[in-house]
>>> print(open('start_18.txt').read())   # compact mmCIF, C-alpha atoms
# COMPACT_ATOMS: atom_id res chain seq x y z
CA MET O 18 31.28 61.68 54.36
CA ASN O 19 29.50 64.97 55.08
CA THR O 20 25.87 63.92 55.68
CA HIS O 21 24.79 67.53 56.22
CA SER O 22 25.13 68.13 52.47
CA ILE O 23 22.56 65.49 51.52
CA ILE O 24 20.04 65.72 54.37
CA PRO O 25 17.45 68.41 53.57
CA LYS O 26 16.77 71.08 56.16
CA PRO O 27 13.36 70.99 57.89
CA ILE O 28 10.83 73.49 56.55
CA ALA O 29 10.60 76.52 58.80
CA GLU O 30 7.63 78.88 59.21
CA TYR O 31 9.59 81.48 57.23
CA ASP O 32 9.93 79.00 54.37
CA LEU O 33 6.17 78.47 54.33
CA ARG O 34 5.64 82.23 54.18
CA LEU O 35 8.02 82.53 51.23
CA LEU O 36 6.36 79.58 49.49
CA ARG O 37 2.92 81.20 49.88
CA ILE O 38 4.28 84.34 48.25
CA PHE O 39 5.78 82.21 45.47
CA VAL O 40 2.42 80.51 44.82
CA SER O 41 0.61 83.86 44.71
CA VAL O 42 3.16 85.24 42.23
CA VAL O 43 2.77 82.20 39.99
CA GLU O 44 -1.03 82.20 40.11
CA HIS O 45 -1.22 85.95 39.39
CA GLY O 46 1.32 85.74 36.59
CA GLY O 47 4.04 87.98 37.99
CA PHE O 48 5.24 90.33 40.71
CA SER O 49 3.16 93.36 39.74
CA ALA O 50 -0.09 91.40 39.47
CA ALA O 51 0.53 89.81 42.91
CA GLU O 52 1.05 93.14 44.71
CA LYS O 53 -2.63 93.76 45.47
CA ALA O 54 -3.38 90.18 46.46
CA LEU O 55 -0.42 90.00 48.84
CA GLY O 56 -0.70 93.56 50.15
CA ILE O 57 3.05 94.20 49.74
CA THR O 58 5.07 96.14 47.18
CA ARG O 59 6.70 94.70 44.10
CA SER O 60 10.17 95.40 45.50
CA THR O 61 9.33 93.51 48.70
CA ILE O 62 8.04 90.56 46.67
CA SER O 63 11.28 90.59 44.69
CA VAL O 64 13.33 90.45 47.92
CA HIS O 65 11.24 87.54 49.24
CA MET O 66 11.57 85.63 45.96
CA SER O 67 15.34 86.15 45.95
CA ASN O 68 15.51 84.89 49.54
CA LEU O 69 13.49 81.80 48.57
CA GLU O 70 15.77 81.05 45.62
CA THR O 71 18.83 81.49 47.84
CA ARG O 72 17.43 79.19 50.55
CA MET O 73 16.46 76.55 47.97
CA LYS O 74 19.63 77.05 45.87
CA LEU O 75 17.40 77.00 42.77
CA LYS O 76 16.42 79.44 40.05
CA LEU O 77 12.63 79.40 40.20
CA CYS O 78 11.56 82.06 37.72
CA MET O 79 12.64 84.43 34.98
CA ARG O 80 11.56 88.06 35.10
CA GLY O 81 12.44 90.90 32.79
CA ARG O 82 11.39 92.46 29.53
CA GLY O 83 10.11 89.12 28.29
CA GLY O 84 7.69 88.94 31.23
CA PHE O 85 7.36 86.47 34.06
CA SER O 86 7.91 82.73 33.52
CA LEU O 87 8.81 79.71 35.62
CA THR O 88 11.97 77.73 35.06
CA GLU O 89 11.70 73.95 34.82
CA GLU O 90 12.75 73.73 38.49
CA GLY O 91 10.20 76.42 39.33
CA GLN O 92 7.39 74.40 37.73
CA LEU O 93 8.37 71.30 39.74
CA VAL O 94 8.58 73.31 42.96
CA TYR O 95 5.18 74.95 42.32
CA ARG O 96 3.47 71.56 41.89
CA ALA O 97 5.21 70.23 45.02
CA VAL O 98 4.15 73.30 47.04
CA ILE O 99 0.51 72.92 45.95
CA ASN O 100 0.62 69.29 47.13
CA LEU O 101 2.24 70.43 50.39
CA PHE O 102 -0.47 73.03 51.08
CA ASP O 103 -3.19 70.51 50.22
CA SER O 104 -1.65 68.11 52.75
CA LEU O 105 -1.56 70.85 55.40
CA ASN O 106 -5.22 71.65 54.72
CA ASP O 107 -6.12 67.96 54.96
CA PHE O 108 -4.27 67.75 58.29
CA SER O 109 -6.24 70.73 59.61
CA LEU O 110 -9.50 69.17 58.47
CA ILE O 111 -8.72 65.85 60.16
CA VAL O 112 -7.72 67.51 63.43
CA GLY O 113 -10.83 69.69 63.26
CA THR O 114 -13.07 66.62 63.18
CA LEU O 115 -11.51 65.06 66.29
CA GLY O 116 -13.16 67.45 68.72
CA LYS O 117 -16.68 66.97 70.00
CA GLU O 118 -17.88 70.22 68.41
CA LEU O 119 -17.84 70.21 64.61
CA SER O 120 -16.43 73.36 63.06
CA GLY O 121 -15.09 74.65 59.76
CA GLU O 122 -16.85 74.45 56.42
CA ILE O 123 -19.42 71.97 55.20
CA VAL O 124 -20.13 71.95 51.45
CA ILE O 125 -23.36 70.76 49.79
CA LEU O 126 -23.60 70.91 45.99
CA CYS O 127 -26.70 70.41 43.84
CA ALA O 128 -26.73 69.80 40.09
CA ASP O 129 -30.18 71.28 39.45
CA GLN O 130 -32.63 73.72 40.95
CA LEU O 131 -35.06 71.96 43.25
CA ASP O 132 -38.83 72.34 43.14
CA LYS O 133 -40.57 74.11 46.05
CA ASN O 134 -41.31 70.92 47.99
CA LYS O 135 -37.70 69.73 47.80
CA GLN O 136 -36.49 73.24 48.66
CA LYS O 137 -38.58 73.14 51.86
CA LYS O 138 -37.12 69.76 52.78
CA LEU O 139 -33.60 71.03 52.04
CA ALA O 140 -34.30 74.04 54.27
CA ASN O 141 -35.38 71.64 57.05
CA MET O 142 -32.14 69.72 56.57
CA ILE O 143 -30.09 72.92 56.94
CA GLU O 144 -32.04 73.79 60.11
CA ILE O 145 -31.20 70.38 61.59
CA VAL O 146 -27.50 70.71 60.75
CA HIS O 147 -27.31 74.24 62.14
CA ARG O 148 -29.01 73.26 65.41
CA LYS O 149 -26.69 70.27 65.91
CA ALA O 150 -23.49 72.08 64.87
CA PRO O 151 -23.97 75.86 65.06
CA ASN O 152 -20.24 76.54 64.51
CA LEU O 153 -20.26 74.99 61.05
CA HIS O 154 -20.04 77.30 58.05
CA ILE O 155 -22.55 75.87 55.55
CA THR O 156 -21.93 76.36 51.82
CA LEU O 157 -24.86 75.44 49.56
CA ASP O 158 -24.23 75.88 45.86
CA GLY O 159 -24.92 74.51 42.38
CA ASP O 160 -22.53 72.92 39.89
CA SER O 161 -22.43 70.43 37.04
CA ILE O 162 -22.60 66.71 37.83
CA SER O 163 -19.05 66.09 36.58
CA ASN O 164 -17.63 68.89 38.72
CA ILE O 165 -19.53 67.73 41.80
CA GLU O 166 -18.15 64.20 41.31
CA LYS O 167 -14.58 65.57 41.09
CA LEU O 168 -15.01 67.80 44.15
CA LEU O 169 -16.43 64.91 46.20
CA LEU O 170 -13.52 62.64 45.25
CA LYS O 171 -11.03 65.39 46.11
CA ASP O 172 -12.74 66.05 49.50
CA LYS O 173 -13.60 69.59 48.40
CA ALA O 174 -17.31 68.89 48.95
CA HIS O 175 -19.12 66.69 51.47
CA ILE O 176 -22.45 65.88 49.81
CA GLY O 177 -23.76 66.10 46.25
CA ILE O 178 -27.38 65.99 45.05
CA PHE O 179 -27.84 64.76 41.49
CA PRO O 180 -29.27 61.88 39.42
CA GLY O 181 -27.23 58.79 40.22
CA TYR O 182 -27.78 56.71 37.07
CA GLN O 183 -24.10 56.57 36.17
CA LYS O 184 -22.26 55.52 39.31
CA ILE O 185 -18.62 56.49 39.80
CA GLU O 186 -16.11 54.26 41.61
CA GLY O 187 -15.29 55.72 45.01
CA LEU O 188 -18.66 57.39 45.55
CA SER O 189 -21.66 56.12 47.53
CA TYR O 190 -25.25 56.75 46.36
CA THR O 191 -28.50 56.87 48.34
CA ARG O 192 -31.83 57.50 46.62
CA LEU O 193 -33.18 60.77 47.94
CA THR O 194 -36.38 61.18 45.90
CA SER O 195 -38.14 59.33 43.09
CA GLU O 196 -40.88 60.66 40.83
CA PRO O 197 -42.25 60.10 37.31
CA ILE O 198 -41.06 62.31 34.49
CA TYR O 199 -43.32 63.14 31.52
CA LEU O 200 -42.98 64.30 27.91
CA CYS O 201 -44.28 67.89 27.64
CA CYS O 202 -44.88 70.64 25.12
CA GLY O 203 -45.59 74.35 25.40
CA LYS O 204 -48.75 76.26 24.44
CA LYS O 205 -47.22 77.40 21.13
CA HIS O 206 -46.32 73.87 20.02
CA PRO O 207 -48.47 72.17 17.29
CA PHE O 208 -49.13 69.24 19.65
CA PHE O 209 -50.62 71.40 22.41
CA ASN O 210 -54.20 71.32 21.11
CA LYS O 211 -53.98 67.80 19.65
CA VAL O 212 -55.75 64.93 21.40
CA ASP O 213 -53.24 62.32 22.61
CA THR O 214 -54.71 59.62 20.37
CA HIS O 215 -54.06 61.83 17.32
CA ILE O 216 -50.34 62.21 18.09
CA THR O 217 -48.78 59.28 16.26
CA PRO O 218 -45.34 57.65 16.80
CA GLU O 219 -44.36 59.21 13.44
CA ASP O 220 -45.36 62.66 14.76
CA LEU O 221 -43.23 62.15 17.84
CA ALA O 222 -40.27 60.85 15.83
CA SER O 223 -40.21 63.99 13.71
CA ALA O 224 -40.75 66.57 16.48
CA SER O 225 -37.68 68.41 17.81
CA THR O 226 -36.98 67.14 21.32
CA ILE O 227 -34.57 68.08 24.12
CA HIS O 228 -32.03 65.53 25.31
CA PRO O 229 -31.43 65.73 29.09
CA GLY O 230 -27.67 65.77 28.50
CA ILE O 231 -26.91 63.07 31.08
CA ASP O 232 -27.04 59.30 31.26
CA ILE O 233 -30.47 58.14 32.45
CA GLU O 234 -32.10 54.86 33.46
CA GLU O 235 -32.85 52.22 30.83
CA ASN O 236 -36.58 52.90 30.46
CA GLY O 237 -35.80 56.55 29.89
CA LYS O 238 -33.26 55.66 27.20
CA LYS O 239 -35.94 53.62 25.42
CA GLN O 240 -38.28 56.62 25.50
CA LEU O 241 -35.63 58.95 24.08
CA ARG O 242 -34.84 56.58 21.19
CA LYS O 243 -38.35 57.24 19.80
CA LEU O 244 -37.71 60.96 19.48
CA ASN O 245 -35.84 63.47 17.34
CA LEU O 246 -33.17 64.63 19.81
CA ASN O 247 -31.71 67.79 18.28
CA ALA O 248 -31.32 69.99 21.37
CA LYS O 249 -29.84 69.60 24.86
CA ALA O 250 -30.53 71.05 28.32
CA TYR O 251 -28.94 69.64 31.47
CA GLN O 252 -31.03 71.59 33.96
CA PHE O 253 -34.81 71.50 34.36
CA ASP O 254 -35.17 75.28 34.44
CA MET O 255 -33.37 75.63 31.11
CA ARG O 256 -35.34 72.74 29.65
CA LYS O 257 -38.63 74.31 30.77
CA THR O 258 -37.65 77.55 29.03
CA MET O 259 -37.03 75.69 25.77
CA ILE O 260 -40.37 73.88 26.09
CA LEU O 261 -42.17 77.18 26.69
CA SER O 262 -40.70 78.48 23.40
CA GLY O 263 -43.08 76.10 21.60
CA GLN O 264 -40.27 74.70 19.46
CA TYR O 265 -39.35 71.61 21.47
CA LEU O 266 -40.72 68.64 23.37
CA GLY O 267 -38.97 67.70 26.59
CA TYR O 268 -39.23 65.45 29.62
CA MET O 269 -40.05 67.17 32.93
CA PRO O 270 -41.17 66.04 36.41
CA GLN O 271 -44.68 67.31 37.16
CA SER O 272 -43.47 69.00 40.36
CA TYR O 273 -41.29 71.36 38.29
CA ILE O 274 -44.06 72.45 35.91
CA GLN O 275 -47.19 72.38 38.09
CA GLN O 276 -47.60 76.16 37.93
CA GLU O 277 -47.36 76.14 34.12
CA LEU O 278 -49.79 73.21 33.92
CA ASN O 279 -52.30 75.11 36.04
CA ALA O 280 -51.86 78.22 33.88
CA GLY O 281 -52.33 76.27 30.65
CA GLU O 282 -48.84 77.10 29.40
CA ILE O 283 -47.55 73.50 29.29
CA ARG O 284 -49.28 70.17 28.75
CA ILE O 285 -48.23 66.56 29.26
CA ILE O 286 -48.33 64.23 26.24
CA GLN O 287 -49.57 60.61 26.58
CA PRO O 288 -48.73 60.38 30.32
CA SER O 289 -49.55 56.69 30.64
CA THR O 290 -46.89 55.62 28.12
CA LEU O 291 -44.41 58.47 27.55
CA THR O 292 -43.00 58.45 31.06
CA TYR O 293 -40.07 57.14 33.07
CA GLN O 294 -38.84 57.38 36.64
CA PHE O 295 -36.54 60.21 37.75
CA ASP O 296 -34.40 59.43 40.80
CA LEU O 297 -32.40 62.04 42.69
CA SER O 298 -29.46 60.69 44.69
CA LEU O 299 -27.57 61.81 47.77
CA VAL O 300 -23.90 61.22 46.92
CA HIS O 301 -20.76 61.25 49.06
CA LYS O 302 -17.25 59.84 48.97
CA LYS O 303 -17.04 56.28 50.31
CA VAL O 304 -14.05 57.12 52.51
CA PRO O 305 -14.28 60.89 53.16
CA ILE O 306 -11.56 62.83 54.96
CA GLU O 307 -14.20 64.32 57.30
CA PRO O 308 -16.55 61.40 58.04
CA ASN O 309 -18.20 63.16 61.01
CA LYS O 310 -19.49 65.95 58.78
CA VAL O 311 -20.73 63.54 56.13
CA GLU O 312 -22.51 61.46 58.78
CA LEU O 313 -24.16 64.58 60.19
CA LEU O 314 -25.42 65.54 56.72
CA GLN O 315 -26.65 62.03 55.98
CA SER O 316 -28.65 61.83 59.19
CA ALA O 317 -30.12 65.31 58.63
CA PHE O 318 -31.11 64.49 55.04
CA LYS O 319 -32.76 61.25 56.16
CA VAL O 320 -34.94 63.10 58.65
CA ALA O 321 -35.77 66.06 56.39
CA PHE O 322 -36.56 63.92 53.33
CA ASP O 323 -38.50 61.27 55.30
CA LEU O 324 -35.96 58.52 54.58
CA VAL O 325 -35.99 57.33 58.19
CA GLN O 326 -37.88 54.07 58.67
CA LYS O 327 -40.88 54.61 60.91
>>> encode(input="start_18.txt", output="structure tokens")
Amino acid sequence: MNTHSIIPKPIAEYDLRLLRIFVSVVEHGGFSAAEKALGITRSTISVHMSNLETRMKLKLCMRGRGGFSLTEEGQLVYRAVINLFDSLNDFSLIVGTLGKELSGEIVILCADQLDKNKQKKLANMIEIVHRKAPNLHITLDGDSISNIEKLLLKDKAHIGIFPGYQKIEGLSYTRLTSEPIYLCCGKKHPFFNKVDTHITPEDLASASTIHPGIDIEENGKKQLRKLNLNAKAYQFDMRKTMILSGQYLGYMPQSYIQQELNAGEIRIIQPSTLTYQFDLSLVHKKVPIEPNKVELLQSAFKVAFDLVQK
């Protein structure tokens, strides 16, 4: 029996180069579109693709008047190559964390714009991280809660900052901040000049109100059930804009609207009763691929946000 015919050849560096070209061609939708991204001519790409098909003994794609398309084998190979490159990246990340000096990228994602006080604390956190690991490339960005959860689980982000009311399996949550949140209206709203005692439950039930768009704690859910929820705003900045229009009521933390309160552009309605607690969580994967980076961030957040027991 000729075993050489059934034992696959090891992947050479040249194969990896051809596979990277293949991925670029697929993701750009054809040879011509991939020219600029790869920095080589269409004819050179064609030669490389032919070489890849010859080495793999497979027809990977169709090209001609009908345009570019993958064969069934090509689709399977593309998915396998993406998994291969992800594994190579994971290997690099793991090796990179073994040295004493942390390097590479560290990704922090936030689901909402922070108020000035939290921004200052976040800036302090970044200062701590940079001083301890100056070779790290810090990425700080915003995204939706659902996307942050996915990126954390896929090890594409290290830390997320968002409300942790709905906990996802595989993620760990630490309360970062906690503050009351109040029902508000803008200066143009009919309730603005009404005394709290004259705003009845019936008034509240009929007034257009903004739903926060995410799952919230139980007391907050009870508050929302009293209201006419016919609008939605996930982020506080967007919600504040809708409140300022004078057409909607909405729940906001005082720290996010203090300037508007001082200017008489927003007021809080029945603060002793129409309130619930807003918790912001620090979230990371329970078993991250780069635990050293996550631990560094956790310790820096604890110091900057005064979570360290004194």
>>> atom_distance(input="start_18.txt", atom1="atom CA of Val124 of chain O", atom2="atom CA of Ile38 of chain O")
27.6 Å
>>> closest_residue(input="start_18.txt", among="O:Asn279, O:Thr156, O:Ser161, O:Ser272", to="Ala174 of chain O", atoms="all atoms listed in the file")
O:Thr156
>>> closest_residue(input="start_18.txt", among="O:Leu200, O:Ala50, O:Leu69, O:Leu193", to="Lys138 of chain O", atoms="all atoms listed in the file")
O:Leu193
>>> axis_aligned_box(input="start_18.txt", around="segment 319-325 of chain O", padding_each_side="8 Å", output="JSON")
{"center_x": -35.6, "center_y": 61.7, "center_z": 56.0, "size_x": 21.7, "size_y": 24.7, "size_z": 21.3}
>>> residues_around(input="start_18.txt", residues="Gly159 of chain O", least_positions_apart="3", cutoff="9 Å", atoms="only C-alpha atoms", output="PDB file with C-alpha atoms, in the coordinates of the input")
ATOM      1  CA  ILE O 125     -23.360  70.760  49.790  1.00  0.00           C
ATOM      2  CA  LEU O 126     -23.600  70.910  45.990  1.00  0.00           C
ATOM      3  CA  CYS O 127     -26.700  70.410  43.840  1.00  0.00           C
ATOM      4  CA  ALA O 128     -26.730  69.800  40.090  1.00  0.00           C
ATOM      5  CA  ASP O 129     -30.180  71.280  39.450  1.00  0.00           C
ATOM      6  CA  GLN O 130     -32.630  73.720  40.950  1.00  0.00           C
ATOM      7  CA  ILE O 165     -19.530  67.730  41.800  1.00  0.00           C
TER       8      ILE O 165
END
>>> atom_distance(input="start_18.txt", atom1="atom CA of Ser225 of chain O", atom2="atom CA of Glu196 of chain O")
24.5 Å
>>> closest_residue(input="start_18.txt", among="O:Val98, O:Ala321, O:Ile123, O:Ile227", to="Ile28 of chain O", atoms="all atoms listed in the file")
O:Val98
>>> residues_near_point(input="start_18.txt", point="(15.0, 84.7, 42.5)", cutoff="8 Å", atoms="all atoms listed in the file", output="compact mmCIF listing (two decimals) with C-alpha atoms, keeping the file's coordinate frame")
# COMPACT_ATOMS: atom_id res chain seq x y z
CA SER O 63 11.28 90.59 44.69
CA MET O 66 11.57 85.63 45.96
CA SER O 67 15.34 86.15 45.95
CA ASN O 68 15.51 84.89 49.54
CA LEU O 69 13.49 81.80 48.57
CA GLU O 70 15.77 81.05 45.62
CA THR O 71 18.83 81.49 47.84
CA LYS O 76 16.42 79.44 40.05
CA LEU O 77 12.63 79.40 40.20
CA CYS O 78 11.56 82.06 37.72
CA MET O 79 12.64 84.43 34.98
>>> residues_near_point(input="start_18.txt", point="(-12.5, 64.8, 47.5)", cutoff="10 Å", atoms="all atoms listed in the file", output="number ranges by chain")
O: 165-175, 187-188, 301-302, 304-307
>>> build_atoms(input="start_18.txt", residues="segment 281-292 of chain O", atoms="all heavy atoms", output="PDB file, keeping the file's coordinate frame")
ATOM      1  N   GLY O 281     -52.075  76.649  32.036  1.00  0.00           N
ATOM      2  CA  GLY O 281     -52.330  76.270  30.650  1.00  0.00           C
ATOM      3  C   GLY O 281     -51.197  76.662  29.708  1.00  0.00           C
ATOM      4  O   GLY O 281     -51.414  76.866  28.511  1.00  0.00           O
ATOM      5  N   GLU O 282     -49.980  76.735  30.237  1.00  0.00           N
ATOM      6  CA  GLU O 282     -48.840  77.100  29.400  1.00  0.00           C
ATOM      7  C   GLU O 282     -48.045  75.885  28.931  1.00  0.00           C
ATOM      8  O   GLU O 282     -47.292  75.955  27.969  1.00  0.00           O
ATOM      9  CB  GLU O 282     -47.916  78.037  30.186  1.00  0.00           C
ATOM     10  CG  GLU O 282     -48.565  79.374  30.534  1.00  0.00           C
ATOM     11  CD  GLU O 282     -47.707  80.204  31.454  1.00  0.00           C
ATOM     12  OE1 GLU O 282     -46.694  79.672  31.972  1.00  0.00           O
ATOM     13  OE2 GLU O 282     -48.035  81.381  31.672  1.00  0.00           O
ATOM     14  N   ILE O 283     -48.220  74.757  29.627  1.00  0.00           N
ATOM     15  CA  ILE O 283     -47.550  73.500  29.290  1.00  0.00           C
ATOM     16  C   ILE O 283     -48.561  72.373  29.434  1.00  0.00           C
ATOM     17  O   ILE O 283     -49.430  72.421  30.309  1.00  0.00           O
ATOM     18  CB  ILE O 283     -46.322  73.252  30.195  1.00  0.00           C
ATOM     19  CG1 ILE O 283     -45.166  74.182  29.804  1.00  0.00           C
ATOM     20  CG2 ILE O 283     -45.852  71.801  30.123  1.00  0.00           C
ATOM     21  CD1 ILE O 283     -43.927  74.018  30.672  1.00  0.00           C
ATOM     22  N   ARG O 284     -48.462  71.369  28.589  1.00  0.00           N
ATOM     23  CA  ARG O 284     -49.280  70.170  28.750  1.00  0.00           C
ATOM     24  C   ARG O 284     -48.393  68.935  28.692  1.00  0.00           C
ATOM     25  O   ARG O 284     -47.282  68.950  28.167  1.00  0.00           O
ATOM     26  CB  ARG O 284     -50.355  70.074  27.664  1.00  0.00           C
ATOM     27  CG  ARG O 284     -49.812  69.889  26.264  1.00  0.00           C
ATOM     28  CD  ARG O 284     -50.811  69.276  25.299  1.00  0.00           C
ATOM     29  NE  ARG O 284     -51.030  67.857  25.572  1.00  0.00           N
ATOM     30  CZ  ARG O 284     -51.626  67.018  24.727  1.00  0.00           C
ATOM     31  NH1 ARG O 284     -52.099  67.491  23.566  1.00  0.00           N
ATOM     32  NH2 ARG O 284     -51.785  65.767  25.018  1.00  0.00           N
ATOM     33  N   ILE O 285     -48.915  67.854  29.278  1.00  0.00           N
ATOM     34  CA  ILE O 285     -48.230  66.560  29.260  1.00  0.00           C
ATOM     35  C   ILE O 285     -48.802  65.726  28.119  1.00  0.00           C
ATOM     36  O   ILE O 285     -50.019  65.697  27.902  1.00  0.00           O
ATOM     37  CB  ILE O 285     -48.399  65.836  30.608  1.00  0.00           C
ATOM     38  CG1 ILE O 285     -47.666  66.614  31.713  1.00  0.00           C
ATOM     39  CG2 ILE O 285     -47.890  64.412  30.542  1.00  0.00           C
ATOM     40  CD1 ILE O 285     -47.928  66.094  33.115  1.00  0.00           C
ATOM     41  N   ILE O 286     -47.925  65.031  27.393  1.00  0.00           N
ATOM     42  CA  ILE O 286     -48.330  64.230  26.240  1.00  0.00           C
ATOM     43  C   ILE O 286     -48.321  62.745  26.616  1.00  0.00           C
ATOM     44  O   ILE O 286     -47.328  62.231  27.124  1.00  0.00           O
ATOM     45  CB  ILE O 286     -47.383  64.469  25.043  1.00  0.00           C
ATOM     46  CG1 ILE O 286     -47.397  65.954  24.644  1.00  0.00           C
ATOM     47  CG2 ILE O 286     -47.745  63.587  23.862  1.00  0.00           C
ATOM     48  CD1 ILE O 286     -46.322  66.332  23.654  1.00  0.00           C
ATOM     49  N   GLN O 287     -49.434  62.065  26.381  1.00  0.00           N
ATOM     50  CA  GLN O 287     -49.570  60.610  26.580  1.00  0.00           C
ATOM     51  C   GLN O 287     -48.904  60.157  27.889  1.00  0.00           C
ATOM     52  O   GLN O 287     -47.947  59.365  27.876  1.00  0.00           O
ATOM     53  CB  GLN O 287     -48.991  59.871  25.382  1.00  0.00           C
ATOM     54  CG  GLN O 287     -49.696  60.188  24.073  1.00  0.00           C
ATOM     55  CD  GLN O 287     -49.079  59.504  22.865  1.00  0.00           C
ATOM     56  OE1 GLN O 287     -48.206  58.631  23.001  1.00  0.00           O
ATOM     57  NE2 GLN O 287     -49.510  59.886  21.676  1.00  0.00           N
ATOM     58  N   PRO O 288     -49.401  60.645  29.035  1.00  0.00           N
ATOM     59  CA  PRO O 288     -48.730  60.380  30.320  1.00  0.00           C
ATOM     60  C   PRO O 288     -48.657  58.920  30.739  1.00  0.00           C
ATOM     61  O   PRO O 288     -47.776  58.545  31.516  1.00  0.00           O
ATOM     62  CB  PRO O 288     -49.588  61.184  31.317  1.00  0.00           C
ATOM     63  CG  PRO O 288     -50.920  61.348  30.652  1.00  0.00           C
ATOM     64  CD  PRO O 288     -50.617  61.461  29.193  1.00  0.00           C
ATOM     65  N   SER O 289     -49.555  58.099  30.221  1.00  0.00           N
ATOM     66  CA  SER O 289     -49.550  56.690  30.640  1.00  0.00           C
ATOM     67  C   SER O 289     -48.418  55.893  29.977  1.00  0.00           C
ATOM     68  O   SER O 289     -47.993  54.859  30.504  1.00  0.00           O
ATOM     69  CB  SER O 289     -50.896  56.032  30.309  1.00  0.00           C
ATOM     70  OG  SER O 289     -51.141  56.086  28.920  1.00  0.00           O
ATOM     71  N   THR O 290     -47.926  56.375  28.839  1.00  0.00           N
ATOM     72  CA  THR O 290     -46.890  55.620  28.120  1.00  0.00           C
ATOM     73  C   THR O 290     -45.563  56.384  27.984  1.00  0.00           C
ATOM     74  O   THR O 290     -44.491  55.785  28.060  1.00  0.00           O
ATOM     75  CB  THR O 290     -47.375  55.235  26.706  1.00  0.00           C
ATOM     76  OG1 THR O 290     -47.792  56.431  26.017  1.00  0.00           O
ATOM     77  CG2 THR O 290     -48.534  54.268  26.777  1.00  0.00           C
ATOM     78  N   LEU O 291     -45.635  57.692  27.756  1.00  0.00           N
ATOM     79  CA  LEU O 291     -44.410  58.470  27.550  1.00  0.00           C
ATOM     80  C   LEU O 291     -43.913  59.010  28.891  1.00  0.00           C
ATOM     81  O   LEU O 291     -43.964  60.204  29.179  1.00  0.00           O
ATOM     82  CB  LEU O 291     -44.661  59.606  26.559  1.00  0.00           C
ATOM     83  CG  LEU O 291     -45.097  59.167  25.155  1.00  0.00           C
ATOM     84  CD1 LEU O 291     -45.349  60.360  24.265  1.00  0.00           C
ATOM     85  CD2 LEU O 291     -44.038  58.254  24.541  1.00  0.00           C
ATOM     86  N   THR O 292     -43.441  58.097  29.716  1.00  0.00           N
ATOM     87  CA  THR O 292     -43.000  58.450  31.060  1.00  0.00           C
ATOM     88  C   THR O 292     -41.900  57.513  31.516  1.00  0.00           C
ATOM     89  O   THR O 292     -41.800  56.376  31.044  1.00  0.00           O
ATOM     90  CB  THR O 292     -44.179  58.398  32.051  1.00  0.00           C
ATOM     91  OG1 THR O 292     -43.724  58.775  33.337  1.00  0.00           O
ATOM     92  CG2 THR O 292     -44.773  57.004  32.108  1.00  0.00           C
TER      93      THR O 292
END
